[in-house]
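Novice: my_file.cif (mmCIF, C-alpha atoms) pasted underneath:
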```
data_target
loop_
_atom_site.group_PDB
_atom_site.id
_atom_site.type_symbol
_atom_site.label_atom_id
_atom_site.label_comp_id
_atom_site.auth_asym_id
_atom_site.auth_seq_id
_atom_site.Cartn_x
_atom_site.Cartn_y
_atom_site.Cartn_z
ATOM 1 C CA GLU A 1 -58.131 33.108 -51.980
ATOM 2 C CA ARG A 2 -61.834 32.585 -51.519
ATOM 3 C CA SER A 3 -61.196 29.519 -49.355
ATOM 4 C CA ARG A 4 -58.838 31.509 -47.199
ATOM 5 C CA ASP A 5 -61.388 34.246 -46.689
ATOM 6 C CA SER A 6 -64.030 31.684 -45.883
ATOM 7 C CA SER A 7 -61.666 29.914 -43.488
ATOM 8 C CA MET A 8 -60.785 33.209 -41.833
ATOM 9 C CA GLN A 9 -64.468 34.081 -41.453
ATOM 10 C CA VAL A 10 -65.144 30.684 -39.811
ATOM 11 C CA ARG A 11 -62.256 31.256 -37.394
ATOM 12 C CA GLN A 12 -63.514 34.759 -36.600
ATOM 13 C CA ASP A 13 -67.053 33.436 -36.035
ATOM 14 C CA ALA A 14 -65.711 30.636 -33.828
ATOM 15 C CA ARG A 15 -63.599 33.082 -31.814
ATOM 16 C CA TYR A 16 -66.585 35.428 -31.446
ATOM 17 C CA LEU A 17 -68.824 32.526 -30.382
ATOM 18 C CA ARG A 18 -66.178 31.260 -27.936
ATOM 19 C CA ASN A 19 -65.790 34.721 -26.391
ATOM 20 C CA GLU A 20 -69.561 35.195 -26.172
ATOM 21 C CA THR A 21 -70.020 31.765 -24.603
ATOM 22 C CA ASP A 22 -67.192 32.383 -22.155
ATOM 23 C CA ALA A 23 -68.630 35.774 -21.135
ATOM 24 C CA LYS A 24 -72.153 34.360 -20.801
ATOM 25 C CA THR A 25 -70.829 31.435 -18.752
ATOM 26 C CA LYS A 26 -68.951 33.750 -16.411
ATOM 27 C CA TRP A 27 -71.972 36.030 -15.928
ATOM 28 C CA ASP A 28 -74.330 33.092 -15.439
ATOM 29 C CA GLN A 29 -71.916 31.592 -12.931
ATOM 30 C CA HIS A 30 -71.685 34.943 -11.127
ATOM 31 C CA ASP A 31 -75.493 35.267 -11.021
ATOM 32 C CA ASN A 32 -75.857 31.701 -9.762
ATOM 33 C CA ASN A 33 -73.168 32.215 -7.134
ATOM 34 C CA VAL A 34 -74.910 35.359 -5.890
ATOM 35 C CA ARG A 35 -78.210 33.453 -5.650
ATOM 36 C CA LEU A 36 -76.511 30.487 -3.979
ATOM 37 C CA SER A 37 -74.753 32.820 -1.545
ATOM 38 C CA ASP A 38 -78.097 34.400 -0.636
ATOM 39 C CA ARG A 39 -79.643 30.952 -0.212
ATOM 40 C CA ILE A 40 -76.741 29.772 1.944
ATOM 41 C CA GLU A 41 -77.252 32.818 4.180
ATOM 42 C CA ASP A 42 -80.992 32.090 4.377
ATOM 43 C CA ILE A 43 -80.312 28.478 5.304
ATOM 44 C CA ARG A 44 -77.801 29.498 7.963
ATOM 45 C CA LYS A 45 -80.222 32.073 9.378
ATOM 46 C CA TRP A 46 -83.055 29.543 9.585
ATOM 47 C CA LYS A 47 -80.712 26.906 10.963
ATOM 48 C CA GLU A 48 -79.662 29.271 13.771
ATOM 49 C CA ILE A 49 -83.283 30.160 14.502
ATOM 50 C CA LEU A 50 -84.262 26.481 14.584
ATOM 51 C CA GLU A 51 -81.279 25.553 16.777
ATOM 52 C CA GLU A 52 -82.276 28.283 19.233
ATOM 53 C CA THR A 53 -85.848 27.004 19.115
ATOM 54 C CA LEU A 54 -84.593 23.462 19.763
ATOM 55 C CA ALA A 55 -82.592 24.658 22.786
ATOM 56 C CA ASN A 56 -85.686 26.452 24.131
ATOM 57 C CA LEU A 57 -87.762 23.328 23.542
ATOM 58 C CA ASP A 58 -85.242 21.215 25.431
ATOM 59 C CA LYS A 59 -85.367 23.650 28.369
ATOM 60 C CA GLU A 60 -89.164 23.686 28.332
ATOM 61 C CA ILE A 61 -89.332 19.879 28.161
ATOM 62 C CA ALA A 62 -86.908 19.595 31.095
ATOM 63 C CA CYS A 63 -88.887 22.110 33.181
ATOM 64 C CA LEU A 64 -92.213 20.511 32.346
ATOM 65 C CA SER A 65 -90.864 17.022 33.071
ATOM 66 C CA PHE A 66 -89.631 18.239 36.459
ATOM 67 C CA ALA A 67 -93.025 19.855 37.161
ATOM 68 C CA LYS A 68 -94.828 16.666 36.129
ATOM 69 C CA ASP A 69 -92.575 14.550 38.363
ATOM 70 C CA THR A 70 -93.195 16.941 41.266
ATOM 71 C CA THR A 71 -96.952 16.803 40.641
ATOM 72 C CA GLU A 72 -96.877 13.013 40.643
ATOM 73 C CA GLU A 73 -94.827 12.998 43.865
ATOM 74 C CA LYS A 74 -97.379 15.304 45.501
ATOM 75 C CA LEU A 75 -100.151 13.076 44.232
ATOM 76 C CA GLN A 76 -98.412 10.036 45.709
ATOM 77 C CA ALA A 77 -97.864 11.911 48.987
ATOM 78 C CA LEU A 78 -101.633 12.425 49.335
ATOM 79 C CA GLU A 79 -102.212 8.678 49.511
ATOM 80 C CA VAL A 80 -101.059 8.343 53.135
ATOM 81 C CA PRO A 81 -103.265 11.127 54.570
ATOM 82 C CA LEU A 82 -106.212 9.810 52.550
ATOM 83 C CA ASP A 83 -105.657 6.261 53.798
ATOM 84 C CA VAL A 84 -105.376 7.495 57.397
ATOM 85 C CA ALA A 85 -108.564 9.572 57.121
ATOM 86 C CA ASN A 86 -110.451 6.681 55.473
ATOM 87 C CA ASP A 87 -109.190 4.224 58.117
ATOM 88 C CA ASN A 88 -110.351 6.576 60.855
ATOM 89 C CA LEU A 89 -113.764 6.915 59.219
ATOM 90 C CA THR A 90 -114.027 3.157 58.767
ATOM 91 C CA THR A 91 -113.079 2.606 62.401
ATOM 92 C CA ARG A 92 -115.619 5.180 63.555
ATOM 93 C CA ASP A 93 -118.314 3.724 61.267
ATOM 94 C CA GLY A 94 -117.565 0.284 62.684
ATOM 95 C CA ARG A 95 -118.783 1.306 66.124
ATOM 96 C CA ARG A 96 -122.018 -0.139 67.394
ATOM 97 C CA SER A 97 -125.206 1.412 68.634
ATOM 98 C CA ILE A 98 -124.507 4.022 71.277
ATOM 99 C CA ASP A 99 -120.858 4.488 70.303
ATOM 100 C CA LEU A 100 -121.831 5.339 66.705
ATOM 101 C CA VAL A 101 -122.066 9.139 66.694
ATOM 102 C CA ASN A 102 -122.032 11.825 64.059
ATOM 103 C CA ASP A 103 -120.003 14.383 65.988
ATOM 104 C CA GLU A 104 -117.714 17.242 64.931
ATOM 105 C CA ALA A 105 -114.698 14.909 64.597
ATOM 106 C CA ASN A 106 -116.653 12.661 62.216
ATOM 107 C CA ARG A 107 -117.726 15.637 60.099
ATOM 108 C CA GLU A 108 -114.164 16.986 60.009
ATOM 109 C CA LEU A 109 -112.828 13.588 58.905
ATOM 110 C CA LYS A 110 -115.368 13.474 56.072
ATOM 111 C CA LYS A 111 -114.427 17.026 55.083
ATOM 112 C CA GLU A 112 -110.765 16.079 55.140
ATOM 113 C CA VAL A 113 -111.436 13.094 52.840
ATOM 114 C CA GLU A 114 -113.391 15.339 50.451
ATOM 115 C CA VAL A 115 -110.617 17.958 50.410
ATOM 116 C CA ILE A 116 -107.902 15.349 49.825
ATOM 117 C CA GLU A 117 -109.912 13.694 47.031
ATOM 118 C CA ALA A 118 -110.531 17.106 45.417
ATOM 119 C CA CYS A 119 -106.792 17.876 45.606
ATOM 120 C CA LYS A 120 -106.000 14.468 44.119
ATOM 121 C CA ALA A 121 -108.445 15.062 41.266
ATOM 122 C CA GLN A 122 -106.887 18.451 40.516
ATOM 123 C CA LEU A 123 -103.366 17.010 40.647
ATOM 124 C CA GLN A 124 -104.369 14.102 38.387
ATOM 125 C CA GLU A 125 -105.906 16.541 35.912
ATOM 126 C CA ARG A 126 -102.786 18.714 36.036
ATOM 127 C CA SER A 127 -100.566 15.656 35.545
ATOM 128 C CA ALA A 128 -102.617 14.583 32.522
ATOM 129 C CA GLN A 129 -102.361 18.095 31.048
ATOM 130 C CA GLN A 130 -98.608 18.095 31.617
ATOM 131 C CA PHE A 131 -98.312 14.697 29.920
ATOM 132 C CA GLU A 132 -100.278 15.920 26.879
ATOM 133 C CA GLN A 133 -98.151 19.070 26.689
ATOM 134 C CA LEU A 134 -94.980 16.986 26.941
ATOM 135 C CA CYS A 135 -96.186 14.830 24.046
ATOM 136 C CA ARG A 136 -96.855 17.945 21.944
ATOM 137 C CA LEU A 137 -93.460 19.387 22.824
ATOM 138 C CA GLN A 138 -91.692 16.118 21.982
ATOM 139 C CA GLU A 139 -93.486 15.998 18.635
ATOM 140 C CA ALA A 140 -92.549 19.623 17.902
ATOM 141 C CA ARG A 141 -88.953 18.856 18.940
ATOM 142 C CA GLN A 142 -88.784 15.958 16.473
ATOM 143 C CA GLU A 143 -90.065 18.164 13.650
ATOM 144 C CA VAL A 144 -87.591 20.951 14.473
ATOM 145 C CA LEU A 145 -84.757 18.420 14.707
ATOM 146 C CA ARG A 146 -85.725 16.925 11.345
ATOM 147 C CA ASP A 147 -85.889 20.411 9.832
ATOM 148 C CA ILE A 148 -82.392 21.204 11.170
ATOM 149 C CA GLN A 149 -81.065 17.982 9.654
ATOM 150 C CA ASP A 150 -82.678 18.916 6.319
ATOM 151 C CA LYS A 151 -81.078 22.366 6.565
ATOM 152 C CA ASN A 152 -77.661 20.736 7.108
ATOM 153 C CA VAL A 153 -78.128 18.596 3.995
ATOM 154 C CA ALA A 154 -79.310 21.589 1.950
ATOM 155 C CA LEU A 155 -76.402 23.680 3.230
ATOM 156 C CA GLY A 156 -73.905 21.003 2.203
ATOM 157 C CA ILE A 157 -75.409 20.726 -1.284
ATOM 158 C CA ASP A 158 -75.526 24.498 -1.788
ATOM 159 C CA VAL A 159 -71.927 25.021 -0.575
ATOM 160 C CA ASP A 160 -70.770 22.263 -2.950
ATOM 161 C CA GLN A 161 -72.665 23.936 -5.798
ATOM 162 C CA TYR A 162 -71.258 27.347 -4.861
ATOM 163 C CA ASN A 163 -67.712 26.011 -5.099
ATOM 164 C CA LEU A 164 -68.207 24.539 -8.580
ATOM 165 C CA THR A 165 -66.713 26.283 -11.600
ATOM 166 C CA GLU A 166 -66.476 25.400 -15.255
ATOM 167 C CA CYS A 167 -62.995 24.031 -14.476
ATOM 168 C CA SER A 168 -64.133 21.761 -11.614
ATOM 169 C CA PRO A 169 -63.324 18.060 -12.042
ATOM 170 C CA ASN A 170 -65.969 15.403 -12.642
ATOM 171 C CA ILE A 171 -68.552 17.702 -14.192
ATOM 172 C CA SER A 172 -70.255 16.903 -17.439
ATOM 173 C CA TYR A 173 -73.146 17.943 -19.590
ATOM 174 C CA LYS A 174 -76.484 16.976 -18.085
ATOM 175 C CA PRO A 175 -79.585 16.782 -20.248
ATOM 176 C CA ASP A 176 -82.403 19.112 -19.223
ATOM 177 C CA PRO A 177 -80.496 20.804 -16.365
ATOM 178 C CA CYS A 178 -83.341 23.231 -15.634
ATOM 179 C CA ARG A 179 -85.914 20.563 -14.835
ATOM 180 C CA VAL A 180 -87.446 20.520 -11.369
ATOM 181 C CA ALA A 181 -87.040 17.174 -9.637
ATOM 182 C CA PRO A 182 -90.223 15.493 -8.400
ATOM 183 C CA GLY A 183 -90.816 16.055 -4.714
ATOM 184 C CA SER A 184 -89.067 19.432 -4.795
ATOM 185 C CA THR A 185 -90.537 22.292 -2.850
ATOM 186 C CA THR A 186 -90.645 25.984 -3.607
ATOM 187 C CA LEU A 187 -88.621 28.496 -1.624
ATOM 188 C CA GLN A 188 -91.812 29.945 -0.131
ATOM 189 C CA ASN A 189 -93.054 26.505 1.003
ATOM 190 C CA TRP A 190 -89.623 25.787 2.445
ATOM 191 C CA GLU A 191 -89.629 29.017 4.480
ATOM 192 C CA ASP A 192 -93.254 28.512 5.517
ATOM 193 C CA PHE A 193 -92.431 25.018 6.794
ATOM 194 C CA SER A 194 -89.534 26.341 8.899
ATOM 195 C CA ARG A 195 -91.660 29.220 10.182
ATOM 196 C CA TYR A 196 -94.474 26.788 11.051
ATOM 197 C CA ASN A 197 -92.047 24.541 12.978
ATOM 198 C CA LYS A 198 -90.681 27.529 14.867
ATOM 199 C CA ASP A 199 -94.135 28.928 15.693
ATOM 200 C CA ARG A 200 -95.469 25.523 16.681
ATOM 201 C CA ALA A 201 -92.548 24.984 19.053
ATOM 202 C CA GLU A 202 -93.113 28.330 20.719
#
```
Could you render the structure as structure tokens?
Specialist:
Amino acid sequence: ERSRDSSMQVRQDARYLRNETDAKTKWDQHDNNVRLSDRIEDIRKWKEILEETLANLDKEIACLSFAKDTTEEKLQALEVPLDVANDNLTTRDGRRSIDLVNDEANRELKKEVEVIEACKAQLQERSAQQFEQLCRLQEARQEVLRDIQDKNVALGIDVDQYNLTECSPNISYKPDPCRVAPGSTTLQNWEDFSRYNKDRAE
């Protein structure tokens, strides 16, 4: 009789423990799914923001490339008038004695050379600035693109985790499941990095 009571008590304790464990597992899974759902929404939101930023970057790069090409064409177009003005000055300076004069035409040619050279210098400076800006934009584009790719990977992992249940196949006990893997980043750092990429691109 005593063995039966003891056996019944063990069964009752086991049933109680099983029910408690089952309830705790379901609540923990619910809490984790809510957190994962929130994280998936955050990732999707940031992914959309970064994709919009990437599209804006692509437009800006295209516009700036066109402007740089136009600037370089204008710079190239100034070569002919400069060569003509310099040839005229050289021809005039090649005159001898009485034919060598410093008249209004000579002064205007020198002014024209100065104006063309000043325009060339400004266009060269503008072209250099455009090139530097293009380099910065390309670098920002690469960072945004890399961040989007990271978001896609994170989204895939989180969706897979969201779909897991205690009945999912190929799951097993993992020692120390709460450990933080080396190289992991905090949620705040992750958001700051995305915000920095977005701000830098703008």
Novice: Interatomic distance between atom CA of A:Ser168 and atom CA of A:Gln12?
Specialist: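 Answer for the atom CA of A:Ser168 to atom CA of A:Gln12 separation: 28.2 Å.
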Novice: If you count all atoms listed in the file, which residues fall within 9 Å of A:Gln161, apart from same-chain ones fewer than 5 positions away, as a JSON list (two decimals) with C-alpha atoms, in the coordinates of the input?
Specialist:
```
[["chain", "number", "residue", "atom", "x", "y", "z"],
["A", 33, "ASN", "CA", -73.17, 32.22, -7.13],
["A", 36, "LEU", "CA", -76.51, 30.49, -3.98],
["A", 156, "GLY", "CA", -73.90, 21.00, 2.20]]
```
Novice: Quick one: pull the distance between atom CA of A:Asn32 and atom CA of A:Asp150, Å, one decimal.
Specialist: 21.6 Å
Novice: Around (-84.3, 15.4, 20.0) in the file's own coordinates, what residues are found within 12 Å if you use only C-alpha atoms, given back as an MDAnalysis selection string?
Specialist: chainID A and resid 51 53:59 61 137:149
Novice: Output C-alpha atoms for every residue in that selection, as a JSON list (two decimals), in the coordinates of the input.
Specialist:
```
[["chain", "number", "residue", "atom", "x", "y", "z"],
["A", 51, "GLU", "CA", -81.28, 25.55, 16.78],
["A", 53, "THR", "CA", -85.85, 27.00, 19.11],
["A", 54, "LEU", "CA", -84.59, 23.46, 19.76],
["A", 55, "ALA", "CA", -82.59, 24.66, 22.79],
["A", 56, "ASN", "CA", -85.69, 26.45, 24.13],
["A", 57, "LEU", "CA", -87.76, 23.33, 23.54],
["A", 58, "ASP", "CA", -85.24, 21.22, 25.43],
["A", 59, "LYS", "CA", -85.37, 23.65, 28.37],
["A", 61, "ILE", "CA", -89.33, 19.88, 28.16],
["A", 137, "LEU", "CA", -93.46, 19.39, 22.82],
["A", 138, "GLN", "CA", -91.69, 16.12, 21.98],
["A", 139, "GLU", "CA", -93.49, 16.00, 18.64],
["A", 140, "ALA", "CA", -92.55, 19.62, 17.90],
["A", 141, "ARG", "CA", -88.95, 18.86, 18.94],
["A", 142, "GLN", "CA", -88.78, 15.96, 16.47],
["A", 143, "GLU", "CA", -90.06, 18.16, 13.65],
["A", 144, "VAL", "CA", -87.59, 20.95, 14.47],
["A", 145, "LEU", "CA", -84.76, 18.42, 14.71],
["A", 146, "ARG", "CA", -85.72, 16.92, 11.34],
["A", 147, "ASP", "CA", -85.89, 20.41, 9.83],
["A", 148, "ILE", "CA", -82.39, 21.20, 11.17],
["A", 149, "GLN", "CA", -81.06, 17.98, 9.65]]
```
Novice: Since I can't run it myself right now, could you work out what the PyMOL selection byres ((chain A and resi 125-129) around 9) selects here and report it as number ranges by chain?
Specialist: A: 67-69, 71-72, 120-124, 130-134
Novice: So, counting all atoms listed in the file, which residue among A:Ala118, A:Ala62, A:Val84, A:Val159 is closest to A:Asp38?
Specialist: A:Val159
Novice: At what distance in Å, to one decimal, does atom CA of A:Ile116 lie from atom CA of A:Leu75?
Specialist: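 Computing the Euclidean distance for atom CA of A:Leu75 and atom CA of A:Ile116 yields 9.8 Å.
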Novice: Give me the residues within 9 Å of A:Trp46 as a ChimeraX atom specification, counting only C-alpha atoms and dropping any in the same chain fewer than 2 places off.
Specialist: /A:41-44,48-51,148,151,191,194-195
Novice: Find the axis-aligned box for stretch 149-159 of chain A, covering all its listed atoms and adding 8 Å on each side, and write its centre and edge lengths in Å to one decimal as AutoDock Vina command-line options.
Specialist:
```
--center_x -77.3 --center_y 21.5 --center_z 3.9 --size_x 26.8 --size_y 23.0 --size_z 27.4
```
Novice: Counting all atoms listed in the file, which residues have an atom no more than 10 Å from (-108.9, 14.5, 51.4) in the file's coordinates? Please list them as a tab-separated table (two decimals) with C-alpha atoms, in the coordinates of the input.
Specialist:
```
chain	number	residue	atom	x	y	z
A	78	LEU	CA	-101.63	12.42	49.34
A	79	GLU	CA	-102.21	8.68	49.51
A	81	PRO	CA	-103.26	11.13	54.57
A	82	LEU	CA	-106.21	9.81	52.55
A	83	ASP	CA	-105.66	6.26	53.80
A	84	VAL	CA	-105.38	7.50	57.40
A	85	ALA	CA	-108.56	9.57	57.12
A	86	ASN	CA	-110.45	6.68	55.47
A	109	LEU	CA	-112.83	13.59	58.90
A	110	LYS	CA	-115.37	13.47	56.07
A	111	LYS	CA	-114.43	17.03	55.08
A	112	GLU	CA	-110.76	16.08	55.14
A	113	VAL	CA	-111.44	13.09	52.84
A	114	GLU	CA	-113.39	15.34	50.45
A	115	VAL	CA	-110.62	17.96	50.41
A	116	ILE	CA	-107.90	15.35	49.82
A	117	GLU	CA	-109.91	13.69	47.03
A	118	ALA	CA	-110.53	17.11	45.42
A	119	CYS	CA	-106.79	17.88	45.61
A	120	LYS	CA	-106.00	14.47	44.12
```
Novice: Which of these residues is nearest to A:Val34, using only C-alpha atoms: A:Asp158, A:Asp87, A:Glu20, A:Glu73?
Specialist: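 Looking at the shortest contact to A:Val34, the residue is A:Asp158.
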Novice: Restore all heavy atoms in stretch 41-52 of chain A and list the result as a short mmCIF file (atom, residue, chain, number, x, y, z; two decimals), keeping the file's coordinate frame.
Specialist:
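Result saved to result_13.cif:
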```
data_model
loop_
_atom_site.label_atom_id
_atom_site.label_comp_id
_atom_site.auth_asym_id
_atom_site.auth_seq_id
_atom_site.Cartn_x
_atom_site.Cartn_y
_atom_site.Cartn_z
N GLU A 41 -77.00 31.94 3.03
CA GLU A 41 -77.25 32.82 4.18
C GLU A 41 -78.64 32.57 4.77
O GLU A 41 -78.81 32.56 5.99
CB GLU A 41 -77.09 34.28 3.78
CG GLU A 41 -75.65 34.71 3.62
CD GLU A 41 -74.81 34.41 4.85
OE1 GLU A 41 -75.21 34.79 5.97
OE2 GLU A 41 -73.74 33.78 4.69
N ASP A 42 -79.64 32.39 3.89
CA ASP A 42 -80.99 32.09 4.38
C ASP A 42 -81.02 30.78 5.16
O ASP A 42 -81.63 30.69 6.23
CB ASP A 42 -81.98 32.00 3.21
CG ASP A 42 -82.35 33.35 2.65
OD1 ASP A 42 -82.07 34.37 3.31
OD2 ASP A 42 -82.92 33.39 1.53
N ILE A 43 -80.35 29.77 4.62
CA ILE A 43 -80.31 28.48 5.30
C ILE A 43 -79.63 28.62 6.66
O ILE A 43 -80.12 28.10 7.67
CB ILE A 43 -79.60 27.41 4.44
CG1 ILE A 43 -80.44 27.06 3.21
CG2 ILE A 43 -79.33 26.14 5.25
CD1 ILE A 43 -79.72 26.17 2.21
N ARG A 44 -78.51 29.32 6.69
CA ARG A 44 -77.80 29.50 7.96
C ARG A 44 -78.65 30.26 8.97
O ARG A 44 -78.67 29.94 10.16
CB ARG A 44 -76.48 30.22 7.73
CG ARG A 44 -75.44 29.32 7.11
CD ARG A 44 -74.08 29.96 7.05
NE ARG A 44 -73.11 29.00 6.54
CZ ARG A 44 -72.16 29.29 5.68
NH1 ARG A 44 -72.03 30.52 5.24
NH2 ARG A 44 -71.33 28.35 5.27
N LYS A 45 -79.36 31.29 8.49
CA LYS A 45 -80.22 32.07 9.38
C LYS A 45 -81.31 31.19 9.97
O LYS A 45 -81.53 31.17 11.18
CB LYS A 45 -80.85 33.24 8.61
CG LYS A 45 -81.81 34.07 9.43
CD LYS A 45 -82.57 35.05 8.58
CE LYS A 45 -83.69 34.30 7.92
NZ LYS A 45 -84.78 35.04 7.40
N TRP A 46 -81.99 30.42 9.11
CA TRP A 46 -83.06 29.54 9.59
C TRP A 46 -82.51 28.43 10.48
O TRP A 46 -83.14 28.04 11.46
CB TRP A 46 -83.85 28.95 8.41
CG TRP A 46 -84.93 29.87 7.98
CD1 TRP A 46 -84.99 30.59 6.83
CD2 TRP A 46 -86.12 30.19 8.71
NE1 TRP A 46 -86.12 31.35 6.80
CE2 TRP A 46 -86.84 31.11 7.94
CE3 TRP A 46 -86.63 29.81 9.93
CZ2 TRP A 46 -88.06 31.64 8.36
CZ3 TRP A 46 -87.83 30.32 10.36
CH2 TRP A 46 -88.53 31.24 9.57
N LYS A 47 -81.33 27.95 10.14
CA LYS A 47 -80.71 26.91 10.96
C LYS A 47 -80.44 27.44 12.36
O LYS A 47 -80.71 26.77 13.36
CB LYS A 47 -79.43 26.42 10.29
CG LYS A 47 -78.80 25.24 10.97
CD LYS A 47 -77.61 24.77 10.16
CE LYS A 47 -76.82 23.79 10.98
NZ LYS A 47 -75.46 24.11 11.19
N GLU A 48 -79.91 28.66 12.46
CA GLU A 48 -79.66 29.27 13.77
C GLU A 48 -80.97 29.47 14.54
O GLU A 48 -81.03 29.19 15.74
CB GLU A 48 -78.95 30.61 13.61
CG GLU A 48 -77.50 30.49 13.19
CD GLU A 48 -76.86 31.83 12.87
OE1 GLU A 48 -77.48 32.88 13.16
OE2 GLU A 48 -75.74 31.83 12.33
N ILE A 49 -81.98 29.96 13.85
CA ILE A 49 -83.28 30.16 14.50
C ILE A 49 -83.83 28.83 15.02
O ILE A 49 -84.30 28.74 16.15
CB ILE A 49 -84.28 30.81 13.52
CG1 ILE A 49 -83.89 32.27 13.25
CG2 ILE A 49 -85.71 30.73 14.04
CD1 ILE A 49 -84.65 32.93 12.11
N LEU A 50 -83.74 27.79 14.18
CA LEU A 50 -84.26 26.48 14.58
C LEU A 50 -83.43 25.86 15.71
O LEU A 50 -83.98 25.20 16.59
CB LEU A 50 -84.33 25.55 13.38
CG LEU A 50 -85.40 25.90 12.35
CD1 LEU A 50 -85.26 25.04 11.10
CD2 LEU A 50 -86.80 25.76 12.93
N GLU A 51 -82.12 26.07 15.69
CA GLU A 51 -81.28 25.55 16.78
C GLU A 51 -81.60 26.25 18.09
O GLU A 51 -81.63 25.62 19.15
CB GLU A 51 -79.80 25.71 16.43
CG GLU A 51 -79.33 24.69 15.40
CD GLU A 51 -77.93 24.94 14.88
OE1 GLU A 51 -77.40 26.07 15.08
OE2 GLU A 51 -77.37 24.01 14.27
N GLU A 52 -81.87 27.55 18.03
CA GLU A 52 -82.28 28.28 19.23
C GLU A 52 -83.64 27.78 19.72
O GLU A 52 -83.85 27.58 20.92
CB GLU A 52 -82.34 29.78 18.92
CG GLU A 52 -82.70 30.64 20.11
CD GLU A 52 -82.77 32.11 19.75
OE1 GLU A 52 -81.99 32.56 18.90
OE2 GLU A 52 -83.62 32.82 20.33
#
```
